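Here is the structure we will look at, set down as structure tokens.
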Amino acid sequence: MSRRHFVQTSALAASSVAFSVTTTRSYARPKSANDKLGIGVIGVGGRGNSHLSMLKRIIDDGDNIDIVAVCDIYRPRLERAAQEYHARAYMDHNELIADPRVDIVCIATPDHIHGYQAIDAAYAGKDIYCEKPVTHWRQFELTKRLAKAVAESNCVFQLGTQAMSDSAWQQMKKLVQDGLIGQPLFGETGFFRIGDWGERDMPIDDANATVGADLLWEKFLGDAPRLEFNIDRFFRWRLFEDYAGGPVTDLYPHSLTQVIDILGVGFPDRVVALGGIHRYDYELREVPDTFNLLAQYPENVTISVLGTQANDYNATTTRGAGQRCPVIRGWDGSLSIIDNKEILFTPLQVRGAKPPQRFDIKFGEDNIQHWRNLIQCSRERNKETWSPMPLAYKTQTVLHMAMLAYRKKQTAQFDHEKEQIVLS
Ligand SMILES: NC(=O)c1ccc[n+]([C@@H]2O[C@H](COP(=O)([O-])OP(=O)(O)OC[C@H]3O[C@@H](n4cnc5c(N)ncnc54)[C@H](O)[C@@H]3O)[C@@H](O)[C@H]2O)c1
């Protein structure tokens, strides 16, 4: 990989500020277990590098996949990843997507970039592992467009909510579908953590970095307001509302997705939300550290998501990355998790027709299995991944509504007919 190649790709990338939607739709052909799948990773910062090392483990375990390309708009990170994984380097995500050796595109860029890159990948006939949140909190229309792009194309899509690889949630969902808890009524979940970890602590690789061929600031901005280059905004984007949403969009996809899936609900009628910066009130931080939301569904189901980044005590069991285990309440009883090993069914005392029951959890969250699930679905052309786009759309709609309601101090309603969020 020559410096000249980098300069060429950088210049090309810098010349096109807007994201382009690829219009050619070449649908991927089925791949058998023996065919090699090429993977391209866009965004090789913290999470992108985790993906690369997970993919390396999958390759070392003998799966016939290959890391063929990487993309980043910050050249030092791009160079490092390209060299370490012997992958082709691109500074423009559309060039990576157009690379015929790329079958699956992994998107690990900042939140406000995901949706555009995923739409480009879907319409180019590529399969997608997209990091959560699927879009930025202000981009509801983009979420809709992405849902349409994935539905219209033959794209197999997995959202990076790796908690969905945990069998506990599939088992709970089956128990609810089988009628064990009777009419589903309420799902309580949340995420409690200590520290502002990935925000103030996001590394600044080079305090003297400047915009130019090695750092494409316009590409970073995407559809966000056009501001002068700012080192904190670039390296510590999680602090800023233009690019992130705090725990709402960073953490709650890991807690809410499974509860929506277990309860089998669609889009909510109304969402109310309260929150703020209650602990980490320092100069740069714009996003809340404490956030609580309630979503009410036409199915007569309510979901609550509570959380703060200022106290990590968990009254109920946590699983995976620390997300609080949900309690699922129905008219005949409730489901909860005991000792991280069992699902407990507790019948409602006053109705008491059913005995208490315990079910062993088969396996826990596993990010590698989340990847394997996508790889297998990609080979089988099966769109039913563990965390597919229709589910991501439902989850993200609640998060959009919550963040908009919180910022405007209003209630968010969902117009089901027009598929629109209305604040009042
Ligand atoms: N599923 C999980 O457990 C998990 C964990 C961590 C992060 N994430 C998600 O992964 C995403 C990335 O987070 P991170 O911590 O790695 O951030 P990061 O800042 O460390 O990495 C993002 C990278 O994207 C690059 N980039 C920015 N704009 C780009 C563009 N237009 N095209 C190509 N590259 C671009 C940046 O230069 C940077 O190297 C976030 O959306 C985050 O929510 C998920």
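Chain lettering (A, B, ...) mirrors the order of the structure tokens, residue numbering begins at 1 for each chain separately, and ligand numbering begins at 1 in order of display.
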> Per DSSP on the backbone, what are the helix (DSSP H, G or I) residues of region 82-261 of chain A, as an MDAnalysis selection string?
Replying inline: chainID A and resid 82:85 93:98 111:123 140:152 162:165 167:177 197:200 217:221 231:235 237:239 247:250 253:261
Take the residues just selected and output them with C-alpha atoms as a PDB file, in the first residue's frame.
ATOM      1  CA  ALA A  82      -4.426  -2.380   6.727  1.00  0.00           C
ATOM      2  CA  GLN A  83      -0.919  -3.474   7.625  1.00  0.00           C
ATOM      3  CA  GLU A  84      -1.914  -5.688  10.529  1.00  0.00           C
ATOM      4  CA  TYR A  85      -4.631  -7.527   8.602  1.00  0.00           C
ATOM      5  CA  HIS A  93     -16.443   3.937   2.132  1.00  0.00           C
ATOM      6  CA  ASN A  94     -18.026   3.727  -1.334  1.00  0.00           C
ATOM      7  CA  GLU A  95     -14.780   2.423  -2.743  1.00  0.00           C
ATOM      8  CA  LEU A  96     -14.666  -0.325  -0.146  1.00  0.00           C
ATOM      9  CA  ILE A  97     -18.300  -1.175  -0.875  1.00  0.00           C
ATOM     10  CA  ALA A  98     -17.570  -1.288  -4.614  1.00  0.00           C
ATOM     11  CA  ASP A 111     -23.396   6.849  15.088  1.00  0.00           C
ATOM     12  CA  HIS A 112     -24.391   9.587  12.634  1.00  0.00           C
ATOM     13  CA  ILE A 113     -22.512   7.904   9.776  1.00  0.00           C
ATOM     14  CA  HIS A 114     -23.961   4.357  10.034  1.00  0.00           C
ATOM     15  CA  GLY A 115     -27.253   4.861   8.208  1.00  0.00           C
ATOM     16  CA  TYR A 116     -25.796   6.402   5.054  1.00  0.00           C
ATOM     17  CA  GLN A 117     -23.075   3.811   4.728  1.00  0.00           C
ATOM     18  CA  ALA A 118     -25.517   0.964   5.373  1.00  0.00           C
ATOM     19  CA  ILE A 119     -27.901   2.236   2.676  1.00  0.00           C
ATOM     20  CA  ASP A 120     -25.008   2.445   0.216  1.00  0.00           C
ATOM     21  CA  ALA A 121     -23.966  -1.117   1.115  1.00  0.00           C
ATOM     22  CA  ALA A 122     -27.514  -2.521   0.896  1.00  0.00           C
ATOM     23  CA  TYR A 123     -28.149  -1.072  -2.554  1.00  0.00           C
ATOM     24  CA  PHE A 140     -35.553   9.044  12.064  1.00  0.00           C
ATOM     25  CA  GLU A 141     -36.203   9.561   8.336  1.00  0.00           C
ATOM     26  CA  LEU A 142     -32.872   7.931   7.600  1.00  0.00           C
ATOM     27  CA  THR A 143     -33.791   4.938   9.767  1.00  0.00           C
ATOM     28  CA  LYS A 144     -36.943   4.578   7.684  1.00  0.00           C
ATOM     29  CA  ARG A 145     -34.928   4.784   4.461  1.00  0.00           C
ATOM     30  CA  LEU A 146     -32.505   2.178   5.714  1.00  0.00           C
ATOM     31  CA  ALA A 147     -35.335  -0.172   6.719  1.00  0.00           C
ATOM     32  CA  LYS A 148     -36.698   0.226   3.176  1.00  0.00           C
ATOM     33  CA  ALA A 149     -33.272  -0.309   1.593  1.00  0.00           C
ATOM     34  CA  VAL A 150     -32.690  -3.530   3.526  1.00  0.00           C
ATOM     35  CA  ALA A 151     -36.220  -4.770   2.780  1.00  0.00           C
ATOM     36  CA  GLU A 152     -36.031  -3.897  -0.919  1.00  0.00           C
ATOM     37  CA  GLN A 162     -24.601  -8.742  20.399  1.00  0.00           C
ATOM     38  CA  ALA A 163     -26.840  -9.317  23.438  1.00  0.00           C
ATOM     39  CA  MET A 164     -29.237 -10.846  20.934  1.00  0.00           C
ATOM     40  CA  SER A 165     -26.872 -13.846  20.733  1.00  0.00           C
ATOM     41  CA  SER A 167     -30.275 -17.684  24.318  1.00  0.00           C
ATOM     42  CA  ALA A 168     -32.045 -16.324  27.424  1.00  0.00           C
ATOM     43  CA  TRP A 169     -33.983 -13.867  25.275  1.00  0.00           C
ATOM     44  CA  GLN A 170     -34.953 -16.433  22.633  1.00  0.00           C
ATOM     45  CA  GLN A 171     -36.128 -18.763  25.409  1.00  0.00           C
ATOM     46  CA  MET A 172     -38.128 -16.005  27.119  1.00  0.00           C
ATOM     47  CA  LYS A 173     -39.673 -15.030  23.799  1.00  0.00           C
ATOM     48  CA  LYS A 174     -40.782 -18.631  23.208  1.00  0.00           C
ATOM     49  CA  LEU A 175     -42.278 -18.850  26.719  1.00  0.00           C
ATOM     50  CA  VAL A 176     -44.252 -15.650  26.109  1.00  0.00           C
ATOM     51  CA  GLN A 177     -45.399 -16.892  22.698  1.00  0.00           C
ATOM     52  CA  TRP A 197     -15.856   5.688  30.087  1.00  0.00           C
ATOM     53  CA  GLY A 198     -16.058   5.889  26.327  1.00  0.00           C
ATOM     54  CA  GLU A 199     -16.652   9.605  26.293  1.00  0.00           C
ATOM     55  CA  ARG A 200     -14.121  11.705  28.155  1.00  0.00           C
ATOM     56  CA  TRP A 217     -13.113  16.221   8.479  1.00  0.00           C
ATOM     57  CA  GLU A 218     -15.965  16.748   6.002  1.00  0.00           C
ATOM     58  CA  LYS A 219     -16.443  12.993   5.785  1.00  0.00           C
ATOM     59  CA  PHE A 220     -16.536  12.819   9.571  1.00  0.00           C
ATOM     60  CA  LEU A 221     -19.207  15.536   9.732  1.00  0.00           C
ATOM     61  CA  ILE A 231      -9.880  17.735  17.981  1.00  0.00           C
ATOM     62  CA  ASP A 232     -12.338  16.758  20.749  1.00  0.00           C
ATOM     63  CA  ARG A 233     -15.236  16.499  18.365  1.00  0.00           C
ATOM     64  CA  PHE A 234     -13.213  14.258  16.082  1.00  0.00           C
ATOM     65  CA  PHE A 235     -11.685  11.889  18.624  1.00  0.00           C
ATOM     66  CA  TRP A 237     -17.416  12.446  19.384  1.00  0.00           C
ATOM     67  CA  ARG A 238     -19.468  10.569  22.041  1.00  0.00           C
ATOM     68  CA  LEU A 239     -19.585  13.746  24.137  1.00  0.00           C
ATOM     69  CA  PRO A 247     -26.663   6.151  27.148  1.00  0.00           C
ATOM     70  CA  VAL A 248     -29.931   6.409  25.214  1.00  0.00           C
ATOM     71  CA  THR A 249     -28.419   5.398  21.909  1.00  0.00           C
ATOM     72  CA  ASP A 250     -25.074   4.017  23.085  1.00  0.00           C
ATOM     73  CA  PRO A 253     -30.080  -0.749  22.207  1.00  0.00           C
ATOM     74  CA  HIS A 254     -28.373  -3.503  24.235  1.00  0.00           C
ATOM     75  CA  SER A 255     -31.267  -3.569  26.737  1.00  0.00           C
ATOM     76  CA  LEU A 256     -34.333  -2.615  24.757  1.00  0.00           C
ATOM     77  CA  THR A 257     -33.963  -4.739  21.623  1.00  0.00           C
ATOM     78  CA  GLN A 258     -34.529  -8.050  23.413  1.00  0.00           C
ATOM     79  CA  VAL A 259     -37.501  -6.750  25.414  1.00  0.00           C
ATOM     80  CA  ILE A 260     -39.272  -5.555  22.253  1.00  0.00           C
ATOM     81  CA  ASP A 261     -38.542  -8.948  20.699  1.00  0.00           C
TER      82      ASP A 261
END
For chain A against ligand 1, with a cut-off of 7 Å and counting only C-alpha atoms and all ligand atoms, what is the closest atom pair and its distance in Å to one decimal for every residue that makes the cut, ordered by chain and number, as CSV?
residue,atom,partner,partner_atom_place_in_ligand_line,distance
A:Ile42,CA,ligand 1,33 (C),5.4
A:Gly43,CA,ligand 1,24 (O),3.5
A:Val44,CA,ligand 1,39 (O),4.8
A:Gly45,CA,ligand 1,21 (O),3.4
A:Gly46,CA,ligand 1,16 (O),3.6
A:Arg47,CA,ligand 1,16 (O),3.5
A:Gly48,CA,ligand 1,16 (O),5.5
A:Cys71,CA,ligand 1,33 (C),5.6
A:Asp72,CA,ligand 1,34 (N),3.7
A:Ile73,CA,ligand 1,34 (N),4.7
A:Tyr74,CA,ligand 1,37 (O),4.6
A:Arg77,CA,ligand 1,39 (O),6.1
A:Met91,CA,ligand 1,33 (C),6.6
A:Asp92,CA,ligand 1,32 (N),6.5
A:His93,CA,ligand 1,32 (N),5.7
A:Ala108,CA,ligand 1,11 (C),4.3
A:Thr109,CA,ligand 1,24 (O),3.8
A:Pro110,CA,ligand 1,41 (O),4.4
A:Asp111,CA,ligand 1,41 (O),4.1
A:Ile113,CA,ligand 1,31 (N),5.9
A:Glu131,CA,ligand 1,9 (C),5.1
A:Lys132,CA,ligand 1,43 (O),5.3
A:Pro133,CA,ligand 1,43 (O),5.9
A:Gly160,CA,ligand 1,1 (N),4.8
A:Thr161,CA,ligand 1,1 (N),5.5
A:Gln162,CA,ligand 1,1 (N),6.2
A:Gly198,CA,ligand 1,15 (O),6.8
A:Lys219,CA,ligand 1,31 (N),4.5
A:Phe220,CA,ligand 1,28 (N),4.0
A:Gly222,CA,ligand 1,31 (N),6.5
A:Phe235,CA,ligand 1,19 (O),5.7
A:Arg236,CA,ligand 1,19 (O),6.8
A:Trp237,CA,ligand 1,19 (O),6.9
A:Asp250,CA,ligand 1,43 (O),5.2
Can you check which parts of region 264-308 of chain A lie within 10 Å of region 321-339 of chain A? Per residue, the shortest pair of atoms and distance in Å to one decimal, counting only C-alpha atoms, sorted by chain and number, as JSON lines.
{"residue": "A:Val301", "atom": "CA", "partner": "A:Gly330", "partner_atom": "CA", "distance": 9.3}
{"residue": "A:Thr302", "atom": "CA", "partner": "A:Arg329", "partner_atom": "CA", "distance": 9.8}
{"residue": "A:Ile303", "atom": "CA", "partner": "A:Ile328", "partner_atom": "CA", "distance": 9.3}
{"residue": "A:Ser304", "atom": "CA", "partner": "A:Pro326", "partner_atom": "CA", "distance": 9.6}
{"residue": "A:Val305", "atom": "CA", "partner": "A:Pro326", "partner_atom": "CA", "distance": 9.3}
{"residue": "A:Leu306", "atom": "CA", "partner": "A:Arg324", "partner_atom": "CA", "distance": 9.2}
{"residue": "A:Gly307", "atom": "CA", "partner": "A:Arg324", "partner_atom": "CA", "distance": 9.1}
With only C-alpha atoms as the counted atoms, please give the residues lying no more than 8 Å from Cys106 (chain A), apart from itself and same-chain residues fewer than 5 positions off, as a tab-separated table (two decimals) with all heavy atoms, in the first residue's frame.
chain	number	residue	atom	x	y	z
A	39	ILE	N	-14.70	-9.84	3.82
A	39	ILE	CA	-15.28	-8.86	4.74
A	39	ILE	C	-14.49	-7.56	4.69
A	39	ILE	O	-13.25	-7.56	4.69
A	39	ILE	CB	-15.31	-9.43	6.17
A	39	ILE	CG1	-16.05	-10.77	6.12
A	39	ILE	CG2	-15.97	-8.44	7.15
A	39	ILE	CD1	-16.56	-11.34	7.34
A	40	GLY	N	-15.22	-6.45	4.65
A	40	GLY	CA	-14.61	-5.12	4.68
A	40	GLY	C	-15.11	-4.37	5.89
A	40	GLY	O	-16.31	-4.37	6.16
A	41	VAL	N	-14.20	-3.77	6.65
A	41	VAL	CA	-14.58	-3.07	7.88
A	41	VAL	C	-14.42	-1.56	7.68
A	41	VAL	O	-13.33	-1.08	7.36
A	41	VAL	CB	-13.73	-3.55	9.08
A	41	VAL	CG1	-14.09	-2.78	10.35
A	41	VAL	CG2	-13.91	-5.05	9.30
A	42	ILE	N	-15.51	-0.82	7.88
A	42	ILE	CA	-15.47	0.64	7.75
A	42	ILE	C	-15.44	1.26	9.16
A	42	ILE	O	-16.34	1.02	9.96
A	42	ILE	CB	-16.70	1.17	7.00
A	42	ILE	CG1	-16.89	0.43	5.67
A	42	ILE	CG2	-16.57	2.67	6.75
A	42	ILE	CD1	-18.14	0.86	4.89
A	128	ILE	N	-24.55	-6.86	5.64
A	128	ILE	CA	-24.10	-5.81	6.57
A	128	ILE	C	-24.08	-6.28	8.02
A	128	ILE	O	-25.05	-6.86	8.51
A	128	ILE	CB	-25.06	-4.59	6.48
A	128	ILE	CG1	-25.08	-4.03	5.06
A	128	ILE	CG2	-24.65	-3.50	7.47
A	128	ILE	CD1	-26.15	-2.95	4.84
A	129	TYR	N	-22.97	-5.99	8.70
A	129	TYR	CA	-22.93	-6.00	10.17
A	129	TYR	C	-22.80	-4.53	10.55
A	129	TYR	O	-21.75	-3.92	10.35
A	129	TYR	CB	-21.72	-6.79	10.68
A	129	TYR	CG	-21.70	-7.01	12.18
A	129	TYR	CD1	-21.71	-8.31	12.69
A	129	TYR	CD2	-21.67	-5.96	13.08
A	129	TYR	CE1	-21.69	-8.54	14.07
A	129	TYR	CE2	-21.66	-6.18	14.45
A	129	TYR	CZ	-21.66	-7.48	14.94
A	129	TYR	OH	-21.63	-7.70	16.30
A	130	CYS	N	-23.88	-3.94	11.08
A	130	CYS	CA	-23.87	-2.51	11.39
A	130	CYS	C	-23.87	-2.32	12.89
A	130	CYS	O	-24.71	-2.88	13.59
A	130	CYS	CB	-25.09	-1.83	10.79
A	130	CYS	SG	-25.18	-0.06	11.14
A	131	GLU	N	-22.94	-1.52	13.37
A	131	GLU	CA	-22.92	-1.27	14.81
A	131	GLU	C	-24.16	-0.50	15.25
A	131	GLU	O	-24.77	0.24	14.49
A	131	GLU	CB	-21.63	-0.51	15.20
A	131	GLU	CG	-20.53	-1.42	15.69
A	131	GLU	CD	-21.00	-2.43	16.76
A	131	GLU	OE1	-22.01	-2.19	17.43
A	131	GLU	OE2	-20.34	-3.47	16.90
> Between A:Glu417, A:Asp99, A:Glu380, A:Asp289, which has the minimum distance to Leu274 (chain A) (counting only C-alpha atoms)?
Replying inline: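 Among the listed residues, A:Asp289 lies closest to Leu274 (chain A).
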>> Which residue is closest to Glu419 (chain A)? Choose from A:Gly190, A:Gly266, A:Pro225, A:Gly246 and count only C-alpha atoms.
In response: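 Closest to Glu419 (chain A), using only C-alpha atoms: A:Gly266.
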>> Could you list, as a list in words, every residue within 10 Å of Lys341 (chain A), counting only C-alpha atoms and ignoring same-chain residues fewer than 4 positions away?
In response: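 Listing them by chain and then by number gives Ala168, Thr317, Ile337, Arg358, Phe359, Asp360, Ile361, Lys362, Phe363 and Gly364 of chain A.
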With N, CA, C and O atoms retained, export the selected residues as a short mmCIF file (atom, residue, chain, number, x, y, z; two decimals), in the first residue's frame.
data_model
loop_
_atom_site.label_atom_id
_atom_site.label_comp_id
_atom_site.auth_asym_id
_atom_site.auth_seq_id
_atom_site.Cartn_x
_atom_site.Cartn_y
_atom_site.Cartn_z
N ALA A 168 -31.03 -16.66 26.42
CA ALA A 168 -32.05 -16.32 27.42
C ALA A 168 -33.23 -15.61 26.78
O ALA A 168 -34.39 -15.87 27.09
N THR A 317 -30.30 -9.25 38.20
CA THR A 317 -29.12 -9.81 37.53
C THR A 317 -28.79 -9.02 36.27
O THR A 317 -29.66 -8.52 35.59
N ILE A 337 -34.62 -13.46 35.55
CA ILE A 337 -33.41 -14.30 35.45
C ILE A 337 -32.83 -14.46 36.84
O ILE A 337 -32.69 -13.49 37.58
N ARG A 358 -38.71 -23.21 36.46
CA ARG A 358 -37.36 -22.72 36.17
C ARG A 358 -36.89 -23.35 34.87
O ARG A 358 -37.15 -24.53 34.62
N PHE A 359 -36.18 -22.59 34.08
CA PHE A 359 -35.68 -23.10 32.79
C PHE A 359 -34.20 -22.76 32.71
O PHE A 359 -33.82 -21.60 32.88
N ASP A 360 -33.37 -23.77 32.45
CA ASP A 360 -31.93 -23.51 32.29
C ASP A 360 -31.68 -22.65 31.06
O ASP A 360 -32.24 -22.91 29.99
N ILE A 361 -30.79 -21.66 31.22
CA ILE A 361 -30.41 -20.85 30.04
C ILE A 361 -29.35 -21.63 29.28
O ILE A 361 -28.36 -22.08 29.87
N LYS A 362 -29.57 -21.78 27.98
CA LYS A 362 -28.67 -22.66 27.22
C LYS A 362 -27.27 -22.06 27.02
O LYS A 362 -26.27 -22.71 27.19
N PHE A 363 -27.22 -20.81 26.59
CA PHE A 363 -25.90 -20.18 26.41
C PHE A 363 -26.05 -18.67 26.52
O PHE A 363 -27.14 -18.13 26.34
N GLY A 364 -24.93 -18.02 26.84
CA GLY A 364 -24.96 -16.57 27.06
C GLY A 364 -24.50 -15.78 25.85
O GLY A 364 -24.20 -16.34 24.79
#
